[in-house]
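Quick look at input31.tsv (TSV, C-alpha atoms):
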chain	number	residue	atom	x	y	z
D	1	MET	CA	-48.03	-56.16	196.22
D	2	ILE	CA	-45.97	-55.81	193.05
D	3	THR	CA	-46.20	-52.36	191.48
D	4	SER	CA	-46.43	-51.82	187.74
D	5	ASN	CA	-43.29	-51.47	185.67
D	6	ILE	CA	-44.96	-51.17	182.28
D	7	ARG	CA	-45.14	-47.42	181.85
D	8	GLY	CA	-44.71	-46.55	178.19
D	9	ARG	CA	-45.80	-49.98	176.98
D	10	GLY	CA	-48.97	-50.99	175.16
D	11	ALA	CA	-49.84	-54.40	176.59
D	12	THR	CA	-50.84	-54.57	180.24
D	13	THR	CA	-49.91	-58.24	180.71
D	14	ASN	CA	-47.31	-60.77	179.66
D	15	ALA	CA	-49.35	-63.97	179.72
D	16	ALA	CA	-47.67	-67.04	178.26
D	17	GLY	CA	-47.95	-67.68	174.56
D	18	ARG	CA	-49.89	-70.71	173.39
D	19	PHE	CA	-46.68	-72.74	172.87
D	20	GLU	CA	-44.99	-71.87	176.18
D	21	GLN	CA	-44.80	-74.43	178.98
D	22	PHE	CA	-44.54	-71.91	181.79
D	23	ASP	CA	-46.35	-68.66	182.52
D	24	THR	CA	-44.40	-65.40	182.52
D	25	VAL	CA	-46.66	-63.21	184.65
D	26	PRO	CA	-45.56	-62.01	188.13
D	27	TYR	CA	-46.74	-64.10	191.07
D	28	ASP	CA	-47.84	-63.25	194.59
D	29	ASP	CA	-45.39	-64.61	197.20
D	30	GLY	CA	-47.77	-63.90	200.09
D	31	TRP	CA	-45.69	-61.23	201.83
D	32	ASP	CA	-47.90	-58.34	200.67
D	33	LEU	CA	-44.88	-56.03	200.45
D	34	GLU	CA	-44.65	-53.24	197.90
D	35	GLU	CA	-41.79	-53.78	195.49
D	36	ASP	CA	-40.81	-51.30	192.83
D	37	LEU	CA	-39.73	-53.12	189.71
D	38	PRO	CA	-37.31	-51.53	187.23
D	39	PRO	CA	-38.85	-50.29	183.96
D	40	LEU	CA	-39.06	-52.87	181.22
D	41	ARG	CA	-36.10	-52.34	178.92
D	42	THR	CA	-35.97	-53.38	175.29
D	43	ASP	CA	-33.82	-56.43	174.62
D	44	VAL	CA	-32.70	-57.18	171.05
D	45	ARG	CA	-31.34	-60.52	169.87
D	46	ASP	CA	-29.92	-61.38	166.46
D	47	GLU	CA	-31.35	-64.03	164.16
D	48	PHE	CA	-29.49	-64.92	160.99
D	49	ALA	CA	-32.10	-65.55	158.33
D	50	ARG	CA	-31.68	-68.33	155.79
D	51	SER	CA	-34.44	-66.76	153.68
D	52	LEU	CA	-36.08	-63.36	153.86
D	53	ILE	CA	-38.88	-63.16	151.30
D	54	THR	CA	-42.15	-64.62	152.61
D	55	TYR	CA	-44.80	-65.55	150.06
D	56	ASN	CA	-48.57	-65.58	150.63
D	57	ARG	CA	-51.66	-66.49	148.63
D	58	SER	CA	-54.20	-64.43	150.54
D	59	PRO	CA	-56.90	-62.85	148.34
D	60	ASP	CA	-57.22	-60.12	151.00
D	61	LEU	CA	-53.76	-58.73	150.26
D	62	PRO	CA	-52.62	-56.72	147.21
D	63	PHE	CA	-49.17	-58.35	147.26
D	64	ASP	CA	-47.87	-61.91	147.24
D	65	ARG	CA	-44.52	-61.40	148.99
D	66	SER	CA	-43.09	-59.43	151.89
D	67	ILE	CA	-39.94	-58.95	153.95
D	68	ASN	CA	-39.57	-58.13	157.64
D	69	PRO	CA	-36.17	-57.05	159.03
D	70	TYR	CA	-37.41	-57.38	162.63
D	71	ARG	CA	-39.63	-59.61	164.76
D	72	GLY	CA	-41.60	-57.84	167.46
D	73	CYS	CA	-42.16	-54.10	167.53
D	74	GLU	CA	-41.18	-51.51	170.11
D	75	HIS	CA	-43.99	-49.16	169.06
D	76	GLY	CA	-46.16	-51.28	171.35
D	77	CYS	CA	-49.51	-50.75	169.59
D	78	VAL	CA	-51.84	-52.78	171.79
D	79	TYR	CA	-54.12	-53.73	168.88
D	80	CYS	CA	-51.32	-55.07	166.63
D	81	PHE	CA	-52.54	-58.14	164.75
D	82	ALA	CA	-48.93	-59.40	164.49
D	83	ARG	CA	-48.55	-60.01	168.23
D	84	PRO	CA	-49.48	-63.73	168.02
D	85	THR	CA	-46.41	-64.38	165.83
D	86	HIS	CA	-44.23	-63.98	168.91
D	87	ALA	CA	-45.77	-67.15	170.34
D	88	TYR	CA	-43.96	-69.15	167.64
D	89	LEU	CA	-40.70	-67.93	169.19
D	90	GLY	CA	-41.68	-69.21	172.64
D	91	LEU	CA	-42.38	-65.64	173.77
D	92	SER	CA	-45.47	-63.81	174.97
D	93	PRO	CA	-47.56	-61.83	172.46
D	94	GLY	CA	-47.99	-59.34	175.32
D	95	LEU	CA	-45.09	-57.37	176.74
D	96	ASP	CA	-42.49	-59.68	175.18
D	97	PHE	CA	-43.67	-58.63	171.71
D	98	GLU	CA	-42.68	-55.01	172.38
D	99	THR	CA	-39.67	-55.57	174.66
D	100	ARG	CA	-37.94	-58.74	173.38
D	101	LEU	CA	-37.15	-58.03	169.76
D	102	ILE	CA	-35.39	-60.04	167.07
D	103	ALA	CA	-33.17	-58.32	164.51
D	104	ARG	CA	-31.98	-59.99	161.30
D	105	PRO	CA	-28.55	-58.46	160.59
D	106	ASN	CA	-27.94	-60.50	157.43
D	107	ALA	CA	-31.28	-59.52	155.89
D	108	ALA	CA	-29.79	-57.42	153.09
D	109	ASP	CA	-27.29	-60.10	152.05
D	110	THR	CA	-30.00	-62.76	152.12
D	111	LEU	CA	-32.31	-60.54	150.06
D	112	ARG	CA	-29.58	-59.95	147.46
D	113	LYS	CA	-29.09	-63.71	147.06
D	114	GLU	CA	-32.82	-64.33	146.64
D	115	LEU	CA	-33.22	-61.56	144.06
D	116	SER	CA	-30.15	-62.83	142.18
D	117	ALA	CA	-31.53	-66.36	141.82
D	118	LYS	CA	-32.18	-67.28	138.18
D	119	GLY	CA	-35.67	-68.50	138.98
D	120	TYR	CA	-36.78	-65.32	140.75
D	121	LYS	CA	-39.75	-63.56	139.10
D	122	VAL	CA	-40.18	-59.90	140.00
D	123	ALA	CA	-43.31	-58.52	141.67
D	124	PRO	CA	-43.71	-55.73	144.27
D	125	ILE	CA	-42.34	-56.60	147.70
D	126	ALA	CA	-44.21	-55.34	150.77
D	127	LEU	CA	-42.09	-54.05	153.65
D	128	GLY	CA	-43.59	-53.58	157.12
D	129	THR	CA	-46.63	-55.80	156.81
D	130	ASN	CA	-45.95	-57.65	160.07
D	131	THR	CA	-43.81	-55.34	162.22
D	132	ASP	CA	-42.73	-51.76	161.57
D	133	PRO	CA	-39.45	-51.58	159.60
D	134	TYR	CA	-38.85	-48.09	161.05
D	135	GLN	CA	-39.34	-48.85	164.74
D	136	PRO	CA	-36.79	-47.18	167.08
D	137	ILE	CA	-34.07	-49.87	166.88
D	138	GLU	CA	-33.69	-49.21	163.16
D	139	LYS	CA	-31.89	-45.99	164.09
D	140	THR	CA	-28.79	-47.95	165.09
D	141	ARG	CA	-29.28	-51.27	163.30
D	142	LEU	CA	-29.88	-49.84	159.79
D	143	ILE	CA	-31.22	-53.19	158.53
D	144	THR	CA	-34.20	-51.65	156.73
D	145	ARG	CA	-31.95	-49.10	155.05
D	146	ASP	CA	-29.57	-51.84	153.91
D	147	CYS	CA	-32.50	-53.77	152.39
D	148	LEU	CA	-33.70	-50.65	150.59
D	149	ALA	CA	-30.23	-50.17	149.13
D	150	VAL	CA	-30.40	-53.70	147.70
D	151	LEU	CA	-33.84	-53.10	146.23
D	152	GLN	CA	-32.63	-49.87	144.65
D	153	GLU	CA	-29.63	-51.71	143.21
D	154	PHE	CA	-31.98	-54.17	141.48
D	155	ASN	CA	-34.59	-51.53	140.50
D	156	HIS	CA	-37.09	-53.66	142.42
D	157	PRO	CA	-40.58	-52.27	143.24
D	158	ILE	CA	-41.41	-51.88	146.94
D	159	GLY	CA	-44.42	-50.91	149.03
D	160	ILE	CA	-43.73	-49.72	152.59
D	161	VAL	CA	-46.09	-49.49	155.57
D	162	THR	CA	-44.90	-47.59	158.64
D	163	LYS	CA	-45.62	-45.16	161.46
D	164	GLY	CA	-41.93	-44.40	161.98
D	165	THR	CA	-40.17	-41.07	161.42
D	166	LEU	CA	-36.95	-42.83	160.43
D	167	ILE	CA	-38.33	-43.28	156.93
D	168	GLU	CA	-37.44	-39.61	156.36
D	169	ARG	CA	-33.77	-40.53	156.79
D	170	ASP	CA	-33.97	-42.78	153.74
D	171	LEU	CA	-35.35	-40.22	151.30
D	172	ASP	CA	-31.99	-40.27	149.51
D	173	ILE	CA	-32.95	-43.81	148.41
D	174	LEU	CA	-36.73	-43.49	148.25
D	175	ALA	CA	-36.99	-40.28	146.22
D	176	PRO	CA	-34.93	-41.59	143.26
D	177	MET	CA	-36.88	-44.86	143.35
D	178	ALA	CA	-40.15	-42.93	143.38
D	179	ARG	CA	-39.11	-41.02	140.25
D	180	LYS	CA	-38.83	-44.39	138.52
D	181	GLY	CA	-42.23	-45.55	139.77
D	182	LEU	CA	-40.69	-48.14	142.09
D	183	VAL	CA	-42.04	-47.17	145.51
D	184	ARG	CA	-45.20	-46.25	147.36
D	185	VAL	CA	-45.59	-45.67	151.11
D	186	GLY	CA	-48.53	-46.17	153.45
D	187	ILE	CA	-48.64	-44.16	156.70
D	188	SER	CA	-50.95	-45.54	159.38
D	189	LEU	CA	-53.08	-42.86	161.07
D	190	THR	CA	-55.37	-44.28	163.76
D	191	THR	CA	-56.55	-41.20	165.65
D	192	LEU	CA	-55.92	-37.46	165.84
D	193	ASP	CA	-56.31	-37.57	169.64
D	194	ALA	CA	-52.74	-37.36	170.95
D	195	ASP	CA	-53.68	-38.64	174.41
D	196	LEU	CA	-55.51	-41.68	173.04
D	197	SER	CA	-52.66	-42.38	170.64
D	198	ARG	CA	-50.10	-42.24	173.45
D	199	ARG	CA	-52.07	-44.81	175.46
D	200	MET	CA	-52.93	-47.08	172.51
D	201	GLU	CA	-49.65	-46.75	170.57
D	202	PRO	CA	-47.24	-45.70	173.34
D	203	ARG	CA	-43.94	-45.56	171.43
D	204	ALA	CA	-45.18	-44.66	167.98
D	205	PRO	CA	-44.91	-41.07	166.70
D	206	SER	CA	-47.76	-38.72	167.57
D	207	PRO	CA	-50.59	-38.18	165.06
D	208	GLN	CA	-49.30	-34.75	164.11
D	209	ARG	CA	-45.79	-36.13	163.61
D	210	ARG	CA	-47.17	-38.80	161.27
D	211	LEU	CA	-48.88	-36.10	159.22
D	212	ALA	CA	-45.51	-34.35	159.04
D	213	ILE	CA	-44.03	-37.59	157.66
D	214	ILE	CA	-46.64	-37.57	154.89
D	215	ARG	CA	-45.76	-33.96	154.06
D	216	ARG	CA	-42.05	-34.67	153.98
D	217	LEU	CA	-42.41	-37.73	151.75
D	218	THR	CA	-44.85	-36.21	149.29
D	219	GLN	CA	-42.80	-33.03	149.00
D	220	ALA	CA	-39.87	-35.26	148.01
D	221	GLY	CA	-42.02	-36.91	145.33
D	222	VAL	CA	-42.77	-40.15	147.19
D	223	PRO	CA	-46.48	-41.09	146.81
D	224	VAL	CA	-48.25	-41.80	150.10
D	225	ARG	CA	-51.45	-43.56	151.07
D	226	VAL	CA	-53.07	-42.54	154.36
D	227	MET	CA	-54.16	-45.74	156.10
D	228	THR	CA	-57.01	-45.16	158.58
D	229	SER	CA	-56.34	-48.43	160.31
D	230	PRO	CA	-57.55	-49.87	162.47
D	231	VAL	CA	-60.99	-48.32	162.78
D	232	VAL	CA	-62.09	-48.99	166.37
D	233	PRO	CA	-65.88	-49.02	166.79
D	234	GLY	CA	-67.02	-46.79	169.62
D	235	LEU	CA	-63.53	-45.31	170.12
D	236	THR	CA	-62.04	-43.91	166.89
D	237	ASP	CA	-64.76	-44.51	164.28
D	238	HIS	CA	-66.14	-40.98	164.63
D	239	GLU	CA	-62.79	-39.62	163.37
D	240	LEU	CA	-62.82	-41.41	160.00
D	241	GLU	CA	-63.60	-38.35	157.87
D	242	GLN	CA	-61.23	-36.10	159.86
D	243	LEU	CA	-58.39	-38.61	159.44
D	244	LEU	CA	-58.90	-38.72	155.69
D	245	GLU	CA	-59.09	-34.92	155.49
D	246	ALA	CA	-55.88	-34.55	157.50
D	247	GLY	CA	-54.11	-37.09	155.30
D	248	LYS	CA	-55.24	-35.33	152.14
D	249	GLU	CA	-54.16	-31.93	153.47
D	250	ALA	CA	-50.73	-33.38	154.27
D	251	GLY	CA	-50.32	-34.56	150.69
D	252	ALA	CA	-51.60	-38.15	150.54
D	253	ASP	CA	-53.12	-39.12	147.19
D	254	ALA	CA	-54.75	-42.38	148.26
D	255	ALA	CA	-56.47	-43.92	151.26
D	256	SER	CA	-57.52	-47.25	152.77
D	257	TRP	CA	-59.18	-48.58	155.91
D	258	ILE	CA	-59.26	-51.79	157.94
D	259	MET	CA	-61.45	-52.65	160.91
D	260	LEU	CA	-59.88	-53.59	164.24
D	261	ARG	CA	-58.76	-57.22	164.15
D	262	LEU	CA	-58.36	-59.35	167.28
D	263	PRO	CA	-56.73	-62.67	166.29
D	264	ARG	CA	-55.77	-65.19	168.96
D	265	GLU	CA	-54.06	-63.57	171.98
D	266	VAL	CA	-54.75	-60.02	170.76
D	267	SER	CA	-58.38	-60.23	171.92
D	268	ALA	CA	-57.46	-60.76	175.58
D	269	LEU	CA	-54.73	-58.12	175.44
D	270	TRP	CA	-57.14	-55.63	173.88
D	271	GLN	CA	-59.86	-56.30	176.44
D	272	ASP	CA	-57.36	-55.91	179.31
D	273	TRP	CA	-56.31	-52.58	177.81
D	274	LEU	CA	-59.93	-51.46	177.53
D	275	GLN	CA	-60.59	-52.30	181.17
D	276	GLU	CA	-57.68	-50.09	182.20
D	277	HIS	CA	-58.05	-47.20	179.76
D	278	ALA	CA	-61.71	-47.10	178.67
D	279	PRO	CA	-63.78	-49.36	180.95
D	280	GLU	CA	-66.99	-47.46	180.28
D	281	ARG	CA	-66.69	-48.25	176.54
D	282	THR	CA	-65.65	-51.89	176.76
D	283	GLU	CA	-69.12	-53.39	176.37
D	284	LYS	CA	-70.06	-51.19	173.39
D	285	ILE	CA	-66.79	-51.77	171.55
D	286	MET	CA	-66.76	-55.53	172.00
D	287	SER	CA	-70.47	-55.77	171.15
D	288	LYS	CA	-69.89	-54.02	167.82
D	289	LEU	CA	-66.91	-56.23	167.00
D	290	ARG	CA	-68.84	-59.42	167.78
D	291	GLU	CA	-71.77	-58.17	165.75
D	292	MET	CA	-69.47	-57.98	162.72
D	293	HIS	CA	-67.96	-61.45	163.32
D	294	GLY	CA	-70.98	-63.64	163.93
D	295	GLY	CA	-70.80	-63.39	167.73
D	296	ARG	CA	-67.05	-64.03	167.89
D	297	ASP	CA	-64.32	-61.57	168.81
D	298	TYR	CA	-62.73	-62.24	165.42
D	299	ASP	CA	-63.47	-64.26	162.30
D	300	PRO	CA	-60.31	-65.07	160.28
D	301	ARG	CA	-62.08	-66.00	157.05
D	302	TRP	CA	-60.63	-64.55	153.86
D	303	GLY	CA	-62.79	-61.79	152.47
D	304	HIS	CA	-64.19	-61.12	155.93
D	305	ARG	CA	-61.39	-60.61	158.44
D	306	MET	CA	-60.32	-57.12	157.32
D	307	ARG	CA	-63.70	-55.40	157.57
D	308	GLY	CA	-66.30	-57.70	159.04
D	309	GLU	CA	-69.92	-57.95	157.94
D	310	GLY	CA	-73.26	-56.46	158.82
D	311	GLU	CA	-74.91	-53.07	159.12
D	312	TYR	CA	-72.14	-51.32	161.07
D	313	ALA	CA	-69.35	-52.54	158.78
D	314	GLU	CA	-71.35	-51.43	155.74
D	315	LEU	CA	-71.91	-48.01	157.31
D	316	ILE	CA	-68.17	-47.49	157.83
D	317	GLY	CA	-67.54	-48.60	154.25
D	318	LYS	CA	-70.10	-46.10	152.90
D	319	ARG	CA	-68.69	-43.25	154.99
D	320	PHE	CA	-65.20	-44.05	153.73
D	321	LYS	CA	-66.35	-44.23	150.11
D	322	LEU	CA	-68.15	-40.88	150.30
D	323	ALA	CA	-65.22	-39.18	152.01
D	324	VAL	CA	-62.55	-40.36	149.56
D	325	LYS	CA	-64.76	-39.32	146.63
D	326	ARG	CA	-65.27	-35.86	148.12
D	327	LEU	CA	-61.56	-35.46	148.85
D	328	GLY	CA	-60.33	-36.86	145.55
D	329	LEU	CA	-58.39	-39.67	147.18
D	330	GLU	CA	-57.78	-42.91	145.30
D	331	THR	CA	-58.46	-46.38	146.65
D	332	LYS	CA	-56.67	-48.12	143.80
D	333	THR	CA	-53.39	-46.68	142.56
D	334	SER	CA	-51.26	-47.31	139.49
D	335	LYS	CA	-49.11	-50.41	139.69
D	336	LEU	CA	-45.46	-50.14	140.61
D	337	ARG	CA	-43.12	-50.78	137.71
D	338	CYS	CA	-41.62	-54.25	137.35
D	339	ASP	CA	-40.10	-53.77	133.89
D	340	LEU	CA	-37.01	-51.98	135.24
D	341	PHE	CA	-35.86	-54.94	137.33
D	342	GLU	CA	-32.30	-55.94	136.52
D	343	ARG	CA	-29.82	-58.16	138.29
D	344	PRO	CA	-26.60	-56.17	138.69
D	345	THR	CA	-23.33	-57.77	137.73
D	346	GLN	CA	-21.94	-59.73	140.65
D	347	VAL	CA	-18.34	-60.47	141.49
D	348	GLY	CA	-17.36	-63.59	139.55
D	349	ASP	CA	-19.95	-63.13	136.79
D	350	GLN	CA	-18.61	-63.66	133.29
D	351	LEU	CA	-18.38	-60.34	131.49
D	352	SER	CA	-20.08	-60.10	128.13
D	353	LEU	CA	-17.76	-59.88	125.15
D	354	LEU	CA	-17.51	-56.52	123.43
As structure tokens - that is how I would like this structure written.
Amino acid sequence: MITSNIRGRGATTNAAGRFEQFDTVPYDDGWDLEEDLPPLRTDVRDEFARSLITYNRSPDLPFDRSINPYRGCEHGCVYCFARPTHAYLGLSPGLDFETRLIARPNAADTLRKELSAKGYKVAPIALGTNTDPYQPIEKTRLITRDCLAVLQEFNHPIGIVTKGTLIERDLDILAPMARKGLVRVGISLTTLDADLSRRMEPRAPSPQRRLAIIRRLTQAGVPVRVMTSPVVPGLTDHELEQLLEAGKEAGADAASWIMLRLPREVSALWQDWLQEHAPERTEKIMSKLREMHGGRDYDPRWGHRMRGEGEYAELIGKRFKLAVKRLGLETKTSKLRCDLFERPTQVGDQLSLL
């Protein structure tokens, strides 16, 4: 029997992605001998990007462009809706997503070229919409920081979503940008239960540490939205008001929420996790999710996928609305400034005549 080597990881399996020809799960060789496998280590490969800015036309999103310095995420949040993107790399959305990462070392240079293009039209860029820009490997790779330096150079507006403490390191860039109205940060807060967080988001900072991030950012003048996402029916939904209160107390001035989403391979990964960590709640949780998605685990339709439909979804929405009103939190914030955008003089540019 092969013993587990996935301690400290979110996914419990490493089933093949939908584009892989061969499975990647361990197999039984028939000897029935116990074999201790080494812990899964994080492997990082480099990918040199030809373009960095990704554009979207989704009516569900408040931005039309984003950048991601990394593919995959070591935080290992089992519910992460971005896991299926690893299948396009020929890797598993399971354990591969959190252990086999892709870094883009030329991201900042590529971003500078795209922003310098004559045809580029400025609008806020979202950072961290797919994978966390402040996951642990950023400590040594510094790719996110380099991208921020480019955005600061251009006075370009940026919205950041993260759970990572490393964002505090970059306050020397973020605070001056915030004073110009160029940056806003969203901190994801899923639960205040440290034990549940450790099992569901094994390598992400603890709930209390994330609240400390909010305090540190807001004290430095960086506006923060507390993101109570995802709301998990039957597991974290009872904490909604407490999460908003904690975020407000820490200094957040705005809030948002999204229901748990289970696209493609995420559904099977999530259900495997439930069977291991909360088997007695599996039926209730999945029943509520299917109730909101017309009997399916997930419905990807625009205008529906983020929050679902039906009585339960409406109840969560009403609770959220009442809580933010009571706490004085905003759901819509002032727009980031685009009028300050300016292409800095590049080497080789013709200097204007005096």
Query raised in the report: How would you write as a list of chain:residue names the residues that get within 8 Å of (-30.1, -56.0, 149.6) in the file's frame, counting only C-alpha atoms?
Result: D:Ala107, D:Ala108, D:Asp109, D:Thr110, D:Leu111, D:Arg112, D:Asp146, D:Cys147, D:Leu148, D:Ala149, D:Val150, D:Leu151, D:Glu153
Query raised in the report: When distances are computed from all atoms listed in the file, which of D:Cys77, D:Ile158, D:Ile102, D:Met227 shows the smallest separation from Leu196 of chain D?
Result: D:Cys77
Proximity of segment 253-281 of chain D to segment 286-291 of chain D: per-residue shortest pair, 12 Å limit, only C-alpha atoms, as a tab-separated table:
residue	atom	partner	partner_atom	distance
D:Met259	CA	D:Leu289	CA	8.9
D:Leu260	CA	D:Leu289	CA	8.0
D:Arg261	CA	D:Leu289	CA	8.7
D:Leu262	CA	D:Leu289	CA	9.1
D:Ser267	CA	D:Met286	CA	9.6
D:Ala268	CA	D:Met286	CA	11.3
D:Trp270	CA	D:Met286	CA	9.8
D:Gln271	CA	D:Met286	CA	8.2
D:Asp272	CA	D:Met286	CA	11.9
D:Leu274	CA	D:Met286	CA	9.7
D:Gln275	CA	D:Met286	CA	11.5
D:Ala278	CA	D:Met286	CA	11.9
D:Pro279	CA	D:Met286	CA	11.3
D:Glu280	CA	D:Met286	CA	11.6
D:Arg281	CA	D:Met286	CA	8.6
Requested in this report: Name the residues in contact with Leu142 of chain D at a cut-off of 12 Å, using all atoms listed in the file, excluding same-chain residues fewer than 6 positions from it; report them as a ChimeraX atom specification.
Outcome: /D:69-70,103-108,133-136,148-149,166-167,169-170
Report task. With a distance cut-off of 6 Å and all atoms listed in the file, select the neighbouring residues of segment 337-347 of chain D, excluding the residue or stretch itself and same-chain residues fewer than 6 positions from it, and output the selection as a list of chain:residue names. Result -> D:Phe154, D:Asn155, D:His156, D:Gly181, D:Leu182
Query raised in the report: Between atom CA of Glu74 of chain D and atom CA of His86 of chain D, what is the spacing in Å?
Result: 12.9 Å
Report task. Go ahead and find all residues with at least one atom no further than 12 Å from (-37.5, -33.0, 149.5) in the file's coordinates, using all atoms listed in the file; report them as a PyMOL selection string. Result -> chain D and resi 168-176+178+213-222
Enclose all atoms of segment 210-227 of chain D listed in the file in an axis-aligned box, grow every side by 3 Å, and hand back centre and edge lengths in Å to one decimal, as lines of an AutoDock Vina configuration file.
center_x = -47.0
center_y = -39.4
center_z = 153.3
size_x = 20.3
size_y = 18.7
size_z = 21.9
Within 10 Å of segment 198-201 of chain D, which residues of segment 70-92 of chain D come that close, and what is the closest atom pair and distance in Å for each? Count all atoms listed in the file and give it as a Markdown table.
| residue | atom | partner | partner_atom | distance |
| --- | --- | --- | --- | --- |
| D:Glu74 | CA | D:Glu201 | CA | 9.7 |
| D:His75 | CA | D:Glu201 | CA | 6.3 |
| D:Gly76 | CA | D:Glu201 | CA | 5.8 |
| D:Cys77 | CA | D:Glu201 | CA | 4.1 |
| D:Val78 | CA | D:Met200 | CA | 5.8 |
| D:Tyr79 | CA | D:Met200 | CA | 7.7 |
| D:Cys80 | CA | D:Glu201 | CA | 9.4 |
Let me see the file: selected residues, C-alpha atoms, as an mmCIF file, in the coordinates of the input.
data_model
loop_
_atom_site.group_PDB
_atom_site.id
_atom_site.type_symbol
_atom_site.label_atom_id
_atom_site.label_comp_id
_atom_site.auth_asym_id
_atom_site.auth_seq_id
_atom_site.Cartn_x
_atom_site.Cartn_y
_atom_site.Cartn_z
ATOM 1 C CA GLU D 74 -41.180 -51.510 170.110
ATOM 2 C CA HIS D 75 -43.990 -49.160 169.060
ATOM 3 C CA GLY D 76 -46.160 -51.280 171.350
ATOM 4 C CA CYS D 77 -49.510 -50.750 169.590
ATOM 5 C CA VAL D 78 -51.840 -52.780 171.790
ATOM 6 C CA TYR D 79 -54.120 -53.730 168.880
ATOM 7 C CA CYS D 80 -51.320 -55.070 166.630
#
Query - 12 Å contact set for Pro62 of chain D, only C-alpha atoms, chain neighbours under 6 positions out, as number ranges by chain - result: D: 56, 123-126, 129, 159, 331-333, 335-336
Report task. Would you mind telling me which residue in D:Leu235, D:Ser92, D:Thr85, D:Arg71 lies nearest to Thr282 of chain D when using only C-alpha atoms? Result -> D:Leu235
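The space separating atom CA of Glu330 of chain D from atom CA of Ile316 of chain D comes to 16.9 Å.
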Query raised in the report: Could you pull the residues within 12 Å of Pro300 of chain D, counting only C-alpha atoms, minus those fewer than 5 positions along the same chain, as a list in words?
Result: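 Neighbouring residues, sequence-local ones excluded: Ser58, Asp60, Phe81, Arg261, Leu262, Pro263, Arg264, Met292, His293, Gly294, Arg305, Met306, Arg307 and Gly308 of chain D.
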Query raised in the report: atom CA of Val231 of chain D to atom CA of Leu189 of chain D: how many Å, to one decimal?
Result: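 For atom CA of Val231 of chain D relative to atom CA of Leu189 of chain D, the distance reads 9.8 Å.
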Query - Counting all atoms listed in the file, the residue of D:Glu265, D:Arg203, D:Arg45, D:Arg65 that sits nearest Tyr120 of chain D - result: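 Of D:Glu265, D:Arg203, D:Arg45, D:Arg65, the one nearest Tyr120 of chain D is D:Arg65, counting all atoms listed in the file.
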Query raised in the report: Which is closest to Gly247 of chain D among D:Pro59, D:Gly295, D:Gly90, D:Gly186, if we use all atoms listed in the file?
Result: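 Using all atoms listed in the file, the shortest distance to Gly247 of chain D belongs to D:Gly186.
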Query raised in the report: Which is closest to Arg83 of chain D among D:Pro233, D:Gly251, D:Arg179, D:Val266, if we use all atoms listed in the file?
Result: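 Closest residue, counting all atoms listed in the file: D:Val266.
Excluding Leu244 of chain D itself and any same-chain residue fewer than 5 positions from it, the protein and nucleic acid residues within 9 Å of it, counting all atoms listed in the file, are Leu189, Val226, Met227, Thr228, Glu239, Glu249, Ala252, Ala255, Phe320, Ala323, Val324, Leu327 and Leu329 of chain D.
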